[in-house]
file my_file_5.cif (mmCIF, C-alpha atoms)
data_run
#
loop_
_atom_site.group_PDB
_atom_site.id
_atom_site.type_symbol
_atom_site.label_atom_id
_atom_site.label_comp_id
_atom_site.auth_asym_id
_atom_site.auth_seq_id
_atom_site.Cartn_x
_atom_site.Cartn_y
_atom_site.Cartn_z
ATOM 1 C CA MET B 253 15.385 -7.201 -10.018
ATOM 2 C CA ILE B 254 16.117 -9.442 -7.017
ATOM 3 C CA ARG B 255 16.591 -6.366 -4.833
ATOM 4 C CA LEU B 256 13.252 -4.949 -6.017
ATOM 5 C CA LEU B 257 11.319 -8.155 -5.297
ATOM 6 C CA GLY B 258 13.107 -8.686 -1.978
ATOM 7 C CA ALA B 259 12.194 -5.212 -0.752
ATOM 8 C CA GLY B 260 8.635 -5.671 -1.980
ATOM 9 C CA LEU B 261 8.207 -9.011 -0.191
ATOM 10 C CA LEU B 262 9.646 -7.626 3.038
ATOM 11 C CA ALA B 263 7.222 -4.715 2.762
ATOM 12 C CA ALA B 264 4.359 -7.218 2.292
ATOM 13 C CA LEU B 265 5.344 -8.927 5.543
ATOM 14 C CA PHE B 266 5.068 -5.682 7.499
ATOM 15 C CA PHE B 267 1.956 -4.596 5.570
ATOM 16 C CA SER B 268 0.132 -7.771 6.642
ATOM 17 C CA SER B 269 0.047 -6.514 10.240
ATOM 18 C CA THR B 270 -2.497 -3.898 9.116
ATOM 19 C CA PHE B 271 -5.235 -6.412 8.350
ATOM 20 C CA ILE B 272 -4.840 -8.357 11.587
ATOM 21 C CA LEU B 273 -4.568 -5.364 13.910
ATOM 22 C CA ASN B 274 -7.425 -3.476 12.237
ATOM 23 C CA ARG B 275 -9.686 -6.492 12.625
ATOM 24 C CA SER B 276 -8.605 -6.861 16.253
ATOM 25 C CA MET B 277 -9.434 -3.207 16.998
ATOM 26 C CA SER B 278 -12.822 -3.575 15.315
ATOM 27 C CA LEU B 279 -13.702 -6.647 17.380
ATOM 28 C CA GLU B 280 -12.810 -4.688 20.522
ATOM 29 C CA GLY B 281 -15.314 -1.962 19.601
ATOM 30 C CA GLY B 282 -12.983 0.670 18.186
ATOM 31 C CA HIS B 283 -14.440 2.971 15.506
ATOM 32 C CA TRP B 284 -12.834 2.605 12.082
ATOM 33 C CA VAL B 285 -12.242 6.371 11.712
ATOM 34 C CA TRP B 286 -9.942 6.387 14.730
ATOM 35 C CA SER B 287 -8.216 3.182 13.600
ATOM 36 C CA ALA B 288 -7.356 4.998 10.388
ATOM 37 C CA SER B 289 -6.715 8.591 11.459
ATOM 38 C CA LEU B 290 -4.703 7.729 14.580
ATOM 39 C CA ARG B 291 -2.377 5.636 12.442
ATOM 40 C CA TYR B 292 -1.494 8.702 10.378
ATOM 41 C CA LEU B 293 -1.175 10.843 13.479
ATOM 42 C CA TRP B 294 1.381 8.362 14.833
ATOM 43 C CA MET B 295 3.074 8.197 11.435
ATOM 44 C CA THR B 296 3.494 11.958 11.443
ATOM 45 C CA VAL B 297 5.061 11.788 14.910
ATOM 46 C CA PHE B 298 7.443 8.982 13.890
ATOM 47 C CA LEU B 299 8.362 10.577 10.565
ATOM 48 C CA VAL B 300 9.089 13.956 12.153
ATOM 49 C CA ALA B 301 10.866 12.621 15.252
ATOM 50 C CA GLY B 302 12.926 10.050 13.337
ATOM 51 C CA PRO B 303 15.126 12.480 11.375
ATOM 52 C CA LEU B 304 15.576 14.675 14.450
ATOM 53 C CA LEU B 305 16.721 11.759 16.606
ATOM 54 C CA VAL B 306 19.305 10.541 14.085
ATOM 55 C CA GLY B 307 20.647 13.964 13.219
ATOM 56 C CA ARG B 308 18.873 14.325 9.880
ATOM 57 C CA GLY B 309 16.971 17.485 10.657
ATOM 58 C CA ARG B 310 17.985 18.857 7.282
ATOM 59 C CA LEU B 311 15.915 16.137 5.585
ATOM 60 C CA LEU B 312 12.859 17.259 7.518
ATOM 61 C CA LEU B 313 13.395 20.894 6.581
ATOM 62 C CA ASP B 314 13.909 20.020 2.914
ATOM 63 C CA ALA B 315 10.749 17.894 2.887
ATOM 64 C CA LEU B 316 8.677 20.689 4.444
ATOM 65 C CA ARG B 317 10.103 23.148 1.938
ATOM 66 C CA LEU B 318 9.149 20.871 -0.945
ATOM 67 C CA PHE B 319 5.673 20.359 0.501
ATOM 68 C CA ARG B 320 5.150 24.122 0.633
ATOM 69 C CA ARG B 321 6.322 24.557 -2.974
ATOM 70 C CA HIS B 322 3.935 21.895 -4.336
ATOM 71 C CA TRP B 323 1.298 21.752 -1.602
ATOM 72 C CA PHE B 324 -1.635 21.115 -3.946
ATOM 73 C CA PHE B 325 0.066 18.136 -5.576
ATOM 74 C CA TRP B 326 0.903 16.555 -2.210
ATOM 75 C CA LEU B 327 -2.642 17.142 -0.924
ATOM 76 C CA VAL B 328 -4.106 15.341 -3.945
ATOM 77 C CA ALA B 329 -1.568 12.513 -3.971
ATOM 78 C CA GLY B 330 -1.754 12.067 -0.174
ATOM 79 C CA THR B 331 -5.564 12.148 -0.091
ATOM 80 C CA ILE B 332 -5.829 9.474 -2.784
ATOM 81 C CA GLY B 333 -2.823 7.316 -1.968
ATOM 82 C CA PHE B 334 -2.980 7.426 1.839
ATOM 83 C CA GLY B 335 -6.470 8.798 2.615
ATOM 84 C CA VAL B 336 -8.984 7.036 0.375
ATOM 85 C CA PHE B 337 -6.813 3.920 0.433
ATOM 86 C CA TYR B 338 -6.713 3.469 4.198
ATOM 87 C CA ALA B 339 -10.274 4.643 4.809
ATOM 88 C CA GLY B 340 -11.459 1.747 2.642
ATOM 89 C CA VAL B 341 -9.222 -0.799 4.366
ATOM 90 C CA THR B 342 -10.196 0.196 7.918
ATOM 91 C CA PHE B 343 -13.915 0.582 7.132
ATOM 92 C CA ALA B 344 -13.933 -2.936 5.696
ATOM 93 C CA ALA B 345 -12.371 -4.353 8.878
ATOM 94 C CA SER B 346 -15.587 -3.471 10.731
ATOM 95 C CA TYR B 347 -17.566 -5.893 8.593
ATOM 96 C CA ALA B 348 -15.205 -8.625 7.432
ATOM 97 C CA PRO B 349 -12.463 -10.884 8.789
ATOM 98 C CA ALA B 350 -8.851 -10.035 8.090
ATOM 99 C CA TRP B 351 -8.598 -12.710 5.399
ATOM 100 C CA VAL B 352 -11.509 -11.192 3.422
ATOM 101 C CA VAL B 353 -9.916 -7.743 3.503
ATOM 102 C CA ALA B 354 -6.467 -9.107 2.652
ATOM 103 C CA THR B 355 -7.802 -11.181 -0.230
ATOM 104 C CA THR B 356 -9.881 -8.386 -1.768
ATOM 105 C CA TRP B 357 -6.909 -6.050 -1.412
ATOM 106 C CA GLN B 358 -5.024 -8.196 -3.926
ATOM 107 C CA VAL B 359 -7.135 -6.617 -6.660
ATOM 108 C CA THR B 360 -4.401 -3.980 -6.531
ATOM 109 C CA VAL B 361 -2.174 -6.524 -8.313
ATOM 110 C CA LEU B 362 -4.510 -6.285 -11.301
ATOM 111 C CA ALA B 363 -5.176 -2.577 -10.783
ATOM 112 C CA SER B 364 -1.495 -1.689 -11.136
ATOM 113 C CA PRO B 365 -1.147 -2.546 -14.861
ATOM 114 C CA ILE B 366 -4.431 -0.740 -15.580
ATOM 115 C CA ILE B 367 -3.182 2.392 -13.830
ATOM 116 C CA LEU B 368 0.197 2.187 -15.557
ATOM 117 C CA PHE B 369 -1.608 1.958 -18.898
ATOM 118 C CA ALA B 370 -3.769 4.960 -17.949
ATOM 119 C CA TYR B 371 -0.582 6.937 -17.304
ATOM 120 C CA GLY B 372 0.595 6.085 -20.798
ATOM 121 C CA HIS B 373 3.000 3.259 -19.993
ATOM 122 C CA ARG B 374 3.204 0.021 -21.920
ATOM 123 C CA VAL B 375 2.948 -3.134 -19.804
ATOM 124 C CA PRO B 376 4.163 -6.305 -21.605
ATOM 125 C CA LEU B 377 1.520 -9.021 -22.064
ATOM 126 C CA ARG B 378 3.622 -11.588 -20.241
ATOM 127 C CA GLY B 379 3.635 -9.274 -17.239
ATOM 128 C CA LEU B 380 -0.166 -9.279 -17.307
ATOM 129 C CA PHE B 381 -0.146 -13.078 -17.513
ATOM 130 C CA PHE B 382 2.074 -13.429 -14.463
ATOM 131 C CA THR B 383 -0.094 -10.911 -12.609
ATOM 132 C CA ALA B 384 -3.234 -12.910 -13.428
ATOM 133 C CA LEU B 385 -1.476 -16.091 -12.281
ATOM 134 C CA ILE B 386 -0.668 -14.487 -8.918
ATOM 135 C CA PHE B 387 -4.236 -13.274 -8.501
ATOM 136 C CA LEU B 388 -5.625 -16.735 -9.317
ATOM 137 C CA GLY B 389 -3.416 -18.145 -6.588
ATOM 138 C CA ILE B 390 -4.815 -15.612 -4.105
ATOM 139 C CA LEU B 391 -8.373 -16.650 -4.973
ATOM 140 C CA LEU B 392 -7.539 -20.300 -4.374
ATOM 141 C CA VAL B 393 -5.968 -19.525 -0.993
ATOM 142 C CA ASN B 394 -9.330 -18.445 0.423
ATOM 143 C CA ALA B 395 -11.754 -20.350 -1.815
ATOM 144 C CA THR B 396 -12.844 -22.795 0.880
ATOM 145 C CA GLN B 397 -13.277 -20.052 3.504
ATOM 146 C CA ALA B 398 -15.326 -17.895 1.133
ATOM 147 C CA GLU B 399 -17.989 -20.608 0.909
ATOM 148 C CA ALA B 400 -18.907 -20.086 4.567
ATOM 149 C CA ALA B 401 -18.739 -16.285 4.550
ATOM 150 C CA ASP B 402 -21.726 -13.996 5.075
ATOM 151 C CA TRP B 403 -22.547 -12.194 1.812
ATOM 152 C CA ARG B 404 -23.328 -8.895 3.548
ATOM 153 C CA ALA B 405 -19.911 -9.001 5.179
ATOM 154 C CA MET B 406 -18.375 -9.870 1.822
ATOM 155 C CA LEU B 407 -19.997 -6.804 0.229
ATOM 156 C CA LEU B 408 -19.261 -4.290 2.992
ATOM 157 C CA GLY B 409 -15.845 -5.772 3.555
ATOM 158 C CA GLY B 410 -15.032 -6.053 -0.131
ATOM 159 C CA LEU B 411 -16.293 -2.966 -1.986
ATOM 160 C CA PRO B 412 -14.379 -0.378 0.096
ATOM 161 C CA VAL B 413 -11.192 -2.409 -0.304
ATOM 162 C CA LEU B 414 -11.801 -2.621 -4.047
ATOM 163 C CA ILE B 415 -11.769 1.190 -4.168
ATOM 164 C CA ALA B 416 -8.704 1.274 -1.908
ATOM 165 C CA ALA B 417 -6.897 -1.181 -4.181
ATOM 166 C CA PHE B 418 -7.017 1.379 -6.995
ATOM 167 C CA ALA B 419 -6.449 4.461 -4.845
ATOM 168 C CA TYR B 420 -3.136 3.296 -3.366
ATOM 169 C CA PRO B 421 -1.240 2.684 -6.641
ATOM 170 C CA ILE B 422 -2.778 5.827 -8.156
ATOM 171 C CA GLY B 423 -1.313 7.958 -5.371
ATOM 172 C CA LEU B 424 2.104 6.303 -5.508
ATOM 173 C CA GLN B 425 2.222 6.480 -9.290
ATOM 174 C CA MET B 426 1.537 10.215 -9.122
ATOM 175 C CA VAL B 427 4.744 10.611 -7.111
ATOM 176 C CA TRP B 428 6.675 8.406 -9.543
ATOM 177 C CA GLU B 429 5.418 10.505 -12.480
ATOM 178 C CA ALA B 430 6.300 13.752 -10.685
ATOM 179 C CA ARG B 431 9.849 12.531 -10.112
ATOM 180 C CA THR B 432 10.444 11.267 -13.657
ATOM 181 C CA GLY B 433 8.515 13.981 -15.515
ATOM 182 C CA GLY B 434 6.806 13.789 -18.888
ATOM 183 C CA HIS B 435 3.183 13.916 -17.699
ATOM 184 C CA THR B 436 1.230 17.020 -18.696
ATOM 185 C CA ASN B 437 -1.164 17.012 -15.718
ATOM 186 C CA ILE B 438 1.438 16.311 -13.028
ATOM 187 C CA PRO B 439 4.190 18.782 -12.087
ATOM 188 C CA TYR B 440 7.742 17.714 -12.824
ATOM 189 C CA ILE B 441 9.422 17.962 -9.422
ATOM 190 C CA VAL B 442 13.210 18.094 -9.599
ATOM 191 C CA ASP B 443 14.533 17.849 -6.064
ATOM 192 C CA PRO B 444 17.143 15.545 -4.456
ATOM 193 C CA ILE B 445 14.824 14.981 -1.493
ATOM 194 C CA LEU B 446 12.543 12.852 -3.673
ATOM 195 C CA GLY B 447 15.343 10.310 -3.877
ATOM 196 C CA ASP B 448 14.746 9.512 -0.200
ATOM 197 C CA SER B 449 11.877 7.036 0.354
ATOM 198 C CA PHE B 450 11.478 8.223 3.962
ATOM 199 C CA ALA B 451 10.886 11.775 2.747
ATOM 200 C CA ARG B 452 8.359 10.620 0.135
ATOM 201 C CA VAL B 453 6.324 8.825 2.793
ATOM 202 C CA LEU B 454 6.457 11.939 4.993
ATOM 203 C CA LEU B 455 5.229 14.158 2.153
ATOM 204 C CA LEU B 456 2.313 11.820 1.351
ATOM 205 C CA THR B 457 1.428 11.570 5.043
ATOM 206 C CA LEU B 458 1.336 15.349 5.433
ATOM 207 C CA GLY B 459 -0.822 15.542 2.318
ATOM 208 C CA ALA B 460 -3.334 13.097 3.820
ATOM 209 C CA LEU B 461 -3.786 14.876 7.172
ATOM 210 C CA PRO B 462 -6.503 17.333 5.970
ATOM 211 C CA PHE B 463 -8.486 14.356 4.641
ATOM 212 C CA TRP B 464 -8.464 12.695 8.062
ATOM 213 C CA LEU B 465 -9.405 15.916 9.844
ATOM 214 C CA ILE B 466 -12.398 16.382 7.542
ATOM 215 C CA THR B 467 -13.389 12.716 7.990
ATOM 216 C CA ILE B 468 -13.382 13.071 11.788
ATOM 217 C CA VAL B 469 -15.474 16.260 11.626
ATOM 218 C CA VAL B 470 -18.009 14.703 9.239
ATOM 219 C CA THR B 471 -18.418 11.326 10.978
ATOM 220 C CA GLN B 472 -18.038 12.572 14.587
ATOM 221 C CA PRO B 473 -16.997 9.157 15.964
ATOM 222 C CA PRO B 474 -17.033 8.358 19.702
ATOM 223 C CA PRO B 475 -13.696 8.795 21.498
ATOM 224 C CA PRO B 476 -11.015 6.227 20.650
ATOM 225 C CA THR B 477 -10.478 3.291 22.985
ATOM 226 C CA ALA B 478 -7.277 2.884 24.963
ATOM 227 C CA GLY B 479 -6.380 -0.155 22.869
ATOM 228 C CA GLN B 480 -6.669 1.862 19.666
ATOM 229 C CA TRP B 481 -3.934 4.253 20.747
ATOM 230 C CA ALA B 482 -1.457 1.395 21.232
ATOM 231 C CA SER B 483 -2.571 -0.672 18.231
ATOM 232 C CA THR B 484 -2.553 2.245 15.808
ATOM 233 C CA ALA B 485 0.939 3.184 16.991
ATOM 234 C CA LEU B 486 2.080 -0.355 16.173
ATOM 235 C CA VAL B 487 0.377 -0.286 12.767
ATOM 236 C CA ALA B 488 1.918 3.113 12.061
ATOM 237 C CA LEU B 489 5.409 1.825 12.829
ATOM 238 C CA LEU B 490 5.220 -1.594 11.131
ATOM 239 C CA SER B 491 3.015 -0.817 8.160
ATOM 240 C CA GLY B 492 2.991 2.954 7.842
ATOM 241 C CA VAL B 493 6.695 3.680 8.284
ATOM 242 C CA ILE B 494 8.684 0.473 7.722
ATOM 243 C CA ALA B 495 6.524 -1.271 5.104
ATOM 244 C CA THR B 496 5.580 1.847 3.153
ATOM 245 C CA SER B 497 9.174 3.085 3.063
ATOM 246 C CA LEU B 498 10.349 -0.303 1.793
ATOM 247 C CA PHE B 499 7.623 -0.460 -0.836
ATOM 248 C CA VAL B 500 8.112 3.110 -2.055
ATOM 249 C CA TYR B 501 11.869 2.440 -2.142
ATOM 250 C CA ALA B 502 11.322 -0.646 -4.300
ATOM 251 C CA ARG B 503 9.009 1.190 -6.699
ATOM 252 C CA HIS B 504 11.455 4.032 -7.175
ATOM 253 C CA LEU B 505 14.244 1.571 -7.984
ATOM 254 C CA ALA B 506 12.115 0.382 -10.897
ATOM 255 C CA ARG B 507 13.389 1.542 -14.275
ATOM 256 C CA ASN B 508 10.327 0.767 -16.404
ATOM 257 C CA ALA B 509 6.632 -0.186 -16.295
ATOM 258 C CA TYR B 510 7.443 -3.912 -16.261
ATOM 259 C CA GLU B 511 9.504 -3.632 -13.086
ATOM 260 C CA LEU B 512 6.881 -1.365 -11.499
ATOM 261 C CA ALA B 513 4.201 -4.004 -12.093
ATOM 262 C CA ALA B 514 6.521 -6.685 -10.679
ATOM 263 C CA VAL B 515 7.092 -4.710 -7.473
ATOM 264 C CA ASP B 516 3.365 -4.085 -7.092
ATOM 265 C CA ALA B 517 2.745 -7.814 -7.552
ATOM 266 C CA THR B 518 4.793 -8.627 -4.442
ATOM 267 C CA GLN B 519 1.871 -7.303 -2.401
ATOM 268 C CA SER B 520 0.114 -10.592 -3.129
ATOM 269 C CA ALA B 521 2.290 -12.190 -0.428
ATOM 270 C CA GLU B 522 0.345 -10.165 2.157
ATOM 271 C CA VAL B 523 -2.418 -12.770 2.039
ATOM 272 C CA VAL B 524 -0.002 -15.547 2.941
ATOM 273 C CA PHE B 525 1.469 -13.515 5.798
ATOM 274 C CA ALA B 526 -1.999 -12.426 6.974
ATOM 275 C CA LEU B 527 -3.261 -16.021 7.024
ATOM 276 C CA ILE B 528 -0.284 -17.135 9.080
ATOM 277 C CA GLY B 529 -0.639 -14.189 11.447
ATOM 278 C CA GLU B 530 -4.388 -14.664 11.841
ATOM 279 C CA THR B 531 -3.849 -18.357 12.575
ATOM 280 C CA LEU B 532 -1.247 -17.693 15.249
ATOM 281 C CA LEU B 533 -2.787 -14.610 16.867
ATOM 282 C CA LEU B 534 -6.535 -14.906 16.289
ATOM 283 C CA GLY B 535 -6.954 -18.678 16.148
ATOM 284 C CA GLY B 536 -7.861 -18.880 12.462
ATOM 285 C CA ALA B 537 -7.642 -22.134 10.504
ATOM 286 C CA LEU B 538 -4.851 -22.884 8.067
ATOM 287 C CA PRO B 539 -5.852 -23.328 4.395
ATOM 288 C CA GLY B 540 -6.489 -26.805 3.031
ATOM 289 C CA PRO B 541 -4.987 -28.393 -0.095
ATOM 290 C CA LEU B 542 -6.705 -25.845 -2.341
ATOM 291 C CA GLY B 543 -5.233 -22.990 -0.337
ATOM 292 C CA ILE B 544 -1.775 -24.531 -0.434
ATOM 293 C CA ALA B 545 -2.097 -24.791 -4.215
ATOM 294 C CA GLY B 546 -2.989 -21.092 -4.302
ATOM 295 C CA ILE B 547 0.118 -20.194 -2.323
ATOM 296 C CA GLY B 548 2.154 -22.212 -4.806
ATOM 297 C CA LEU B 549 0.647 -20.312 -7.747
ATOM 298 C CA THR B 550 1.400 -16.998 -6.079
ATOM 299 C CA MET B 551 5.037 -17.889 -5.515
ATOM 300 C CA LEU B 552 5.264 -19.281 -9.067
ATOM 301 C CA GLY B 553 4.047 -15.982 -10.497
ATOM 302 C CA LEU B 554 6.713 -14.058 -8.588
ATOM 303 C CA ILE B 555 9.451 -16.485 -9.700
ATOM 304 C CA LEU B 556 8.348 -16.182 -13.337
ATOM 305 C CA TYR B 557 8.595 -12.411 -13.047
ATOM 306 C CA LEU B 558 12.200 -12.798 -11.942
ATOM 307 C CA LEU B 559 13.130 -15.360 -14.611
ATOM 308 C CA ALA B 560 11.477 -13.426 -17.433
ATOM 309 C CA GLN B 561 13.275 -10.239 -16.466
ATOM 310 C CA GLY B 562 16.593 -12.098 -16.341
ATOM 311 C CA GLN B 563 16.045 -13.501 -19.833
ATOM 312 C CA ARG B 564 15.104 -10.055 -21.091
ATOM 313 C CA GLN B 565 18.329 -8.543 -19.776
ATOM 314 C CA SER B 566 20.407 -11.439 -21.204
ATOM 315 C CA THR B 567 18.857 -10.917 -24.642
ATOM 316 C CA ARG B 568 19.778 -7.226 -24.579
ATOM 317 C CA ALA B 569 23.368 -7.907 -23.455
#

call {"tool": "encode", "arguments": {"input": "my_file_5.cif", "output": "structure tokens"}}
result
Amino acid sequence: MIRLLGAGLLAALFFSSTFILNRSMSLEGGHWVWSASLRYLWMTVFLVAGPLLVGRGRLLLDALRLFRRHWFFWLVAGTIGFGVFYAGVTFAASYAPAWVVATTWQVTVLASPIILFAYGHRVPLRGLFFTALIFLGILLVNATQAEAADWRAMLLGGLPVLIAAFAYPIGLQMVWEARTGGHTNIPYIVDPILGDSFARVLLLTLGALPFWLITIVVTQPPPPTAGQWASTALVALLSGVIATSLFVYARHLARNAYELAAVDATQSAEVVFALIGETLLLGGALPGPLGIAGIGLTMLGLILYLLAQGQRQSTRA
């Protein structure tokens, strides 16, 4: 369990760069479609070049073979988990500060148990309690800042992220269900390549590319700025490759719905990391006593997850 939470928290650290860099690109005049689509273009480059550079070309070939065998599944999972998810996050950055996007994104902590239940998994009530505790902490972190926020920005910066918060775990859970089997509407994919988190991210990225192509054609955005090329490359590396691989790795170490919900809950730390990053890089203010109390609640929820799981395993021993 410690390894799961550790990987999840490290992923949250790298994920937090998304909110800050997306907001920075928006303030510089970059269109949100390019901020999103260029990230996945860079991810494709990194994910294809990486195995070739380290002598793992076989992994790339196996992943492409698996994509061809189950292309429809990867298109659906990639469109939902990487397409709809990131479109909402980047669109919101055009209307709201990074802290608003990061805070609203934490709805995914509550969305995860709902999605697990929809897939037919049982989530223990104490897991829901700890999840609610974490989410309450996130609300407190930004309570004082929310009072001064513009309501139009809150709506346009919040609603798309609310949709994204459900889309991301839905897409990842589809892959988890495909690997473990037992779901009537999802193909049971038996292939050693799915044991590699890097390959899973590559497959989802390839599945999302048609979505981004269609989005560019439909919206017809102005050409990307020079800064967007560099910033999206950085987001792709930190958040798209490193963070996503760590997070997918942690989720696939999970042995049951309880551990899956615990890993998903580590994403709540993104708000803490985003606040620190925004303060240092964009001159934002640190939270007051109420915000500090919220951070404490968030950390308490994660610790309780760990302790409860340890007691559960001791009881079974």

call {"tool": "closest_atom_pairs", "arguments": {"input": "my_file_5.cif", "of": "region 262-284 of chain B", "to": "region 346-349 of chain B", "cutoff": "8 Å", "atoms": "all atoms listed in the file", "output": "JSON lines"}}
result
{"residue": "B:Arg275", "atom": "CA", "partner": "B:Pro349", "partner_atom": "CA", "distance": 6.5}
{"residue": "B:Ser278", "atom": "CA", "partner": "B:Ser346", "partner_atom": "CA", "distance": 5.4}
{"residue": "B:Leu279", "atom": "CA", "partner": "B:Ser346", "partner_atom": "CA", "distance": 7.6}
{"residue": "B:Trp284", "atom": "CA", "partner": "B:Ser346", "partner_atom": "CA", "distance": 6.8}

call {"tool": "closest_residue", "arguments": {"input": "my_file_5.cif", "among": "B:Val285, B:Ala430, B:Leu318, B:Val352", "to": "Glu530 (chain B)", "atoms": "only C-alpha atoms"}}
result
B:Val352

call {"tool": "residues_around", "arguments": {"input": "my_file_5.cif", "residues": "Ser491 (chain B)", "least_positions_apart": "2", "cutoff": "9 Å", "atoms": "only C-alpha atoms", "output": "number ranges by chain"}}
result
B: 263-270, 486-489, 493-497

call {"tool": "closest_atom_pairs", "arguments": {"input": "my_file_5.cif", "of": "region 281-330 of chain B", "to": "region 462-484 of chain B", "cutoff": "8 Å", "atoms": "all atoms listed in the file", "output": "JSON lines"}}
result
{"residue": "B:Gly281", "atom": "CA", "partner": "B:Thr477", "partner_atom": "CA", "distance": 7.9}
{"residue": "B:Gly282", "atom": "CA", "partner": "B:Thr477", "partner_atom": "CA", "distance": 6.0}
{"residue": "B:His283", "atom": "CA", "partner": "B:Pro473", "partner_atom": "CA", "distance": 6.7}
{"residue": "B:Val285", "atom": "CA", "partner": "B:Ile468", "partner_atom": "CA", "distance": 6.8}
{"residue": "B:Trp286", "atom": "CA", "partner": "B:Pro476", "partner_atom": "CA", "distance": 6.0}
{"residue": "B:Ser287", "atom": "CA", "partner": "B:Thr484", "partner_atom": "CA", "distance": 6.2}
{"residue": "B:Ala288", "atom": "CA", "partner": "B:Thr484", "partner_atom": "CA", "distance": 7.7}
{"residue": "B:Ser289", "atom": "CA", "partner": "B:Trp464", "partner_atom": "CA", "distance": 5.6}
{"residue": "B:Leu290", "atom": "CA", "partner": "B:Thr484", "partner_atom": "CA", "distance": 6.0}
{"residue": "B:Arg291", "atom": "CA", "partner": "B:Thr484", "partner_atom": "CA", "distance": 4.8}
{"residue": "B:Trp294", "atom": "CA", "partner": "B:Thr484", "partner_atom": "CA", "distance": 7.3}
{"residue": "B:Leu327", "atom": "CA", "partner": "B:Pro462", "partner_atom": "CA", "distance": 7.9}

call {"tool": "closest_atom_pairs", "arguments": {"input": "my_file_5.cif", "of": "region 400-487 of chain B", "to": "region 338-342 of chain B", "cutoff": "10 Å", "atoms": "all atoms listed in the file", "output": "JSON lines"}}
result
{"residue": "B:Leu408", "atom": "CA", "partner": "B:Gly340", "partner_atom": "CA", "distance": 9.9}
{"residue": "B:Gly409", "atom": "CA", "partner": "B:Val341", "partner_atom": "CA", "distance": 8.3}
{"residue": "B:Gly410", "atom": "CA", "partner": "B:Gly340", "partner_atom": "CA", "distance": 9.0}
{"residue": "B:Leu411", "atom": "CA", "partner": "B:Gly340", "partner_atom": "CA", "distance": 8.2}
{"residue": "B:Pro412", "atom": "CA", "partner": "B:Gly340", "partner_atom": "CA", "distance": 4.4}
{"residue": "B:Val413", "atom": "CA", "partner": "B:Gly340", "partner_atom": "CA", "distance": 5.1}
{"residue": "B:Leu414", "atom": "CA", "partner": "B:Gly340", "partner_atom": "CA", "distance": 8.0}
{"residue": "B:Ile415", "atom": "CA", "partner": "B:Gly340", "partner_atom": "CA", "distance": 6.8}
{"residue": "B:Ala416", "atom": "CA", "partner": "B:Gly340", "partner_atom": "CA", "distance": 5.3}
{"residue": "B:Ala417", "atom": "CA", "partner": "B:Gly340", "partner_atom": "CA", "distance": 8.7}
{"residue": "B:Ala419", "atom": "CA", "partner": "B:Tyr338", "partner_atom": "CA", "distance": 9.1}
{"residue": "B:Tyr420", "atom": "CA", "partner": "B:Tyr338", "partner_atom": "CA", "distance": 8.4}
{"residue": "B:Phe463", "atom": "CA", "partner": "B:Ala339", "partner_atom": "CA", "distance": 9.9}
{"residue": "B:Trp464", "atom": "CA", "partner": "B:Ala339", "partner_atom": "CA", "distance": 8.9}
{"residue": "B:Thr467", "atom": "CA", "partner": "B:Ala339", "partner_atom": "CA", "distance": 9.2}

call {"tool": "write_last_selection", "arguments": {"input": "my_file_5.cif", "atoms": "C-alpha atoms", "output": "PDB file, in the coordinates of the input"}}
result
ATOM      1  CA  LEU B 408     -19.261  -4.290   2.992  1.00  0.00           C
ATOM      2  CA  GLY B 409     -15.845  -5.772   3.555  1.00  0.00           C
ATOM      3  CA  GLY B 410     -15.032  -6.053  -0.131  1.00  0.00           C
ATOM      4  CA  LEU B 411     -16.293  -2.966  -1.986  1.00  0.00           C
ATOM      5  CA  PRO B 412     -14.379  -0.378   0.096  1.00  0.00           C
ATOM      6  CA  VAL B 413     -11.192  -2.409  -0.304  1.00  0.00           C
ATOM      7  CA  LEU B 414     -11.801  -2.621  -4.047  1.00  0.00           C
ATOM      8  CA  ILE B 415     -11.769   1.190  -4.168  1.00  0.00           C
ATOM      9  CA  ALA B 416      -8.704   1.274  -1.908  1.00  0.00           C
ATOM     10  CA  ALA B 417      -6.897  -1.181  -4.181  1.00  0.00           C
ATOM     11  CA  ALA B 419      -6.449   4.461  -4.845  1.00  0.00           C
ATOM     12  CA  TYR B 420      -3.136   3.296  -3.366  1.00  0.00           C
ATOM     13  CA  PHE B 463      -8.486  14.356   4.641  1.00  0.00           C
ATOM     14  CA  TRP B 464      -8.464  12.695   8.062  1.00  0.00           C
ATOM     15  CA  THR B 467     -13.389  12.716   7.990  1.00  0.00           C
TER      16      THR B 467
END

call {"tool": "resolve_selection", "arguments": {"input": "my_file_5.cif", "expression": "the PyMOL selection byres ((chain B and resi 351) around 8)", "output": "compact mmCIF listing (two decimals) with C-alpha atoms, in the frame of the given file"}}
result
# COMPACT_ATOMS: atom_id res chain seq x y z
CA PHE B 271 -5.24 -6.41 8.35
CA PRO B 349 -12.46 -10.88 8.79
CA ALA B 350 -8.85 -10.04 8.09
CA VAL B 352 -11.51 -11.19 3.42
CA VAL B 353 -9.92 -7.74 3.50
CA ALA B 354 -6.47 -9.11 2.65
CA THR B 355 -7.80 -11.18 -0.23
CA ASN B 394 -9.33 -18.44 0.42
CA VAL B 523 -2.42 -12.77 2.04
CA ALA B 526 -2.00 -12.43 6.97
CA LEU B 527 -3.26 -16.02 7.02
CA GLU B 530 -4.39 -14.66 11.84

call {"tool": "closest_residue", "arguments": {"input": "my_file_5.cif", "among": "B:Gly260, B:Gly423, B:Pro303, B:Pro444", "to": "Thr518 (chain B)", "atoms": "all atoms listed in the file"}}
result
B:Gly260

call {"tool": "closest_residue", "arguments": {"input": "my_file_5.cif", "among": "B:Leu388, B:Leu407, B:Val297, B:Ile445", "to": "Leu311 (chain B)", "atoms": "all atoms listed in the file"}}
result
B:Ile445

call {"tool": "residues_around", "arguments": {"input": "my_file_5.cif", "residues": "Ala513 (chain B)", "least_positions_apart": "4", "cutoff": "9 Å", "atoms": "all atoms listed in the file", "output": "list in words"}}
result
Val361, Ser364, Pro365, Leu368, Val375, Gly379, Leu380, Thr383, Arg503, Asn508, Ala509, Ala517 and Thr518 of chain B
